[in-house]
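Student: The structure under discussion is supplied below as structure tokens; questions concerning it will follow.
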Amino acid sequence: MPSSRVITSVTFEKLLARLAPDRERAAEEYETLRRRLTKYFELKGLRSPDSAADETLDRIALKIEAGEDVRDFTHYAYGVARWIFFERIRAEERERRTYDNLAQLRNGSESPSVAAYFETLEICLDELVEEDRELLRVYYADAARVDCAWQRIELAKTKGLTLNSLRLRVFRLRQVLEKCLRGES
């Protein structure tokens with residue numbers, strides 16, 4: 001499970017120092033390993049291999065900072081990458097099942113009031129701009145996960161927002177949807 005700690009410059013420097021004594025050489029080693037990890041995740045078919053590679057290196061940096069004795073760095077990195085791969089595959093499977101369940105609900109196996117609710121919700125979502133719809137989908141995709149806070153921190157970073165700004169934006173979008181669902185828009 002990802003740590004909720006953010007990588008600091010000190011933590012990153014410790015990672016670089018572990019890769020090579022010379023800072024320039026360490027940076028080259030870091031980039032080489034990052035490219036290899038990205039390729040590993042691409043070959044495994046993950047949706048965002050760059051993000052998975054970054055998460056792998058962040059976790060290793062946190063382990064090194066915590067005092068973990070990493071002898072064979074490359075071997076250790078691929079071990080961490082393997083765990084991240086399995087975590088992400090499980091998350092993608094949960095997301096797929098959630099969408100399948102919603103599709104079943106929409107296809108008539110629910111009561112008329114639930115069907116009407118989903119139809120109205122879909123109309124209201126269509127009124128949002130694509131970026132806002134995608135933000136809500138990603139924000140709530142892993143809400144049942146224990147480590148969804150970590151995913152939301154990553155989402156905030158990718159959107160160039162603080163976590164609180166992201167929460168506020170989602171809260172406001174929910175208010176817009178609720179208003180639409182009540183027929184007030």
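Naming scheme: A, B, ... for chains in displayed order of the structure tokens; residues 1 onward per chain; ligands 1 onward as shown.
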If DSSP is run on the backbone, what residues of chain A are alpha helix (DSSP H)? A reply as a ChimeraX atom specification would be ideal.

Tutor: /A:9-19,23-44,49-65,73-106,112-127,130-141,148-159,163-181

Student: List as a list in words the protein and nucleic acid residues near A:Phe12, meaning an atom at most 10 Å away when only C-alpha atoms are counted, but skip any in the same chain fewer than 6 places from it.

Tutor: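 Non-adjacent residues within range: Arg18, Leu57, Asp58, Ile60, Ala61, Leu62, Ile64 and Glu65 of chain A.
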
Student: Taking C-alpha atoms for each residue, export the selection above as a CSV table (one decimal), in the first residue's frame.

Tutor:
```csv
chain,number,residue,atom,x,y,z
A,18,ARG,CA,22.3,5.4,-2.9
A,57,LEU,CA,10.9,5.1,-7.1
A,58,ASP,CA,9.1,7.2,-4.5
A,60,ILE,CA,12.0,3.0,-2.6
A,61,ALA,CA,13.2,6.5,-1.6
A,62,LEU,CA,10.9,6.3,1.5
A,64,ILE,CA,15.8,4.1,2.1
A,65,GLU,CA,15.0,7.1,4.2
```

Student: Leaving out A:Leu33 and any residue of its chain fewer than 2 positions from it, which residues lie within 9 Å of it when counting only C-alpha atoms, given as a PyMOL selection string?

Tutor: chain A and resi 28-31+35-38+53+57+74+77

Student: So which one's closest to A:Arg169, A:Ile89, A:Ala141, A:Leu46, A:Leu136? Using only C-alpha atoms, please.

Tutor: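 Of the candidates, the smallest distance to A:Arg169 is held by A:Leu136.
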
Student: Please provide as a VMD selection string all residues within 12 Å of stretch 158-164 of chain A, with the sequence filter that same-chain residues fewer than 2 positions apart are discarded (counting only C-alpha atoms).

Tutor: chain A and resid 48 50 to 51 131 to 132 134 to 135 138 to 139 149 to 156 166 to 171

Student: Write a file of the selected residues as a PDB file, in the first residue's frame, keeping C-alpha atoms.

Tutor:
```pdb
ATOM      1  CA  SER A  48      -0.222   4.981 -16.722  1.00  0.00           C
ATOM      2  CA  ASP A  50       5.022   6.683 -16.003  1.00  0.00           C
ATOM      3  CA  SER A  51       3.006   7.178 -12.841  1.00  0.00           C
ATOM      4  CA  GLU A 131     -12.650  17.651 -17.908  1.00  0.00           C
ATOM      5  CA  ASP A 132     -15.029  17.881 -14.929  1.00  0.00           C
ATOM      6  CA  GLU A 134     -13.304  12.870 -15.961  1.00  0.00           C
ATOM      7  CA  LEU A 135     -12.191  14.500 -12.708  1.00  0.00           C
ATOM      8  CA  VAL A 138     -11.122   9.466 -11.387  1.00  0.00           C
ATOM      9  CA  TYR A 139     -11.753  11.017  -7.956  1.00  0.00           C
ATOM     10  CA  ALA A 149      -6.099   9.203  -0.219  1.00  0.00           C
ATOM     11  CA  TRP A 150      -2.796   8.442  -1.934  1.00  0.00           C
ATOM     12  CA  GLN A 151      -4.547   8.256  -5.313  1.00  0.00           C
ATOM     13  CA  ARG A 152      -6.225  11.595  -4.638  1.00  0.00           C
ATOM     14  CA  ILE A 153      -2.900  13.189  -3.753  1.00  0.00           C
ATOM     15  CA  GLU A 154      -1.557  11.973  -7.096  1.00  0.00           C
ATOM     16  CA  LEU A 155      -4.654  13.291  -8.873  1.00  0.00           C
ATOM     17  CA  ALA A 156      -4.184  16.698  -7.261  1.00  0.00           C
ATOM     18  CA  LEU A 166      -9.075  19.355  -5.393  1.00  0.00           C
ATOM     19  CA  ARG A 167     -11.552  18.497  -2.634  1.00  0.00           C
ATOM     20  CA  LEU A 168     -13.186  21.900  -2.937  1.00  0.00           C
ATOM     21  CA  ARG A 169     -13.473  21.543  -6.722  1.00  0.00           C
ATOM     22  CA  VAL A 170     -15.092  18.108  -6.373  1.00  0.00           C
ATOM     23  CA  PHE A 171     -17.418  19.412  -3.655  1.00  0.00           C
TER      24      PHE A 171
END
```
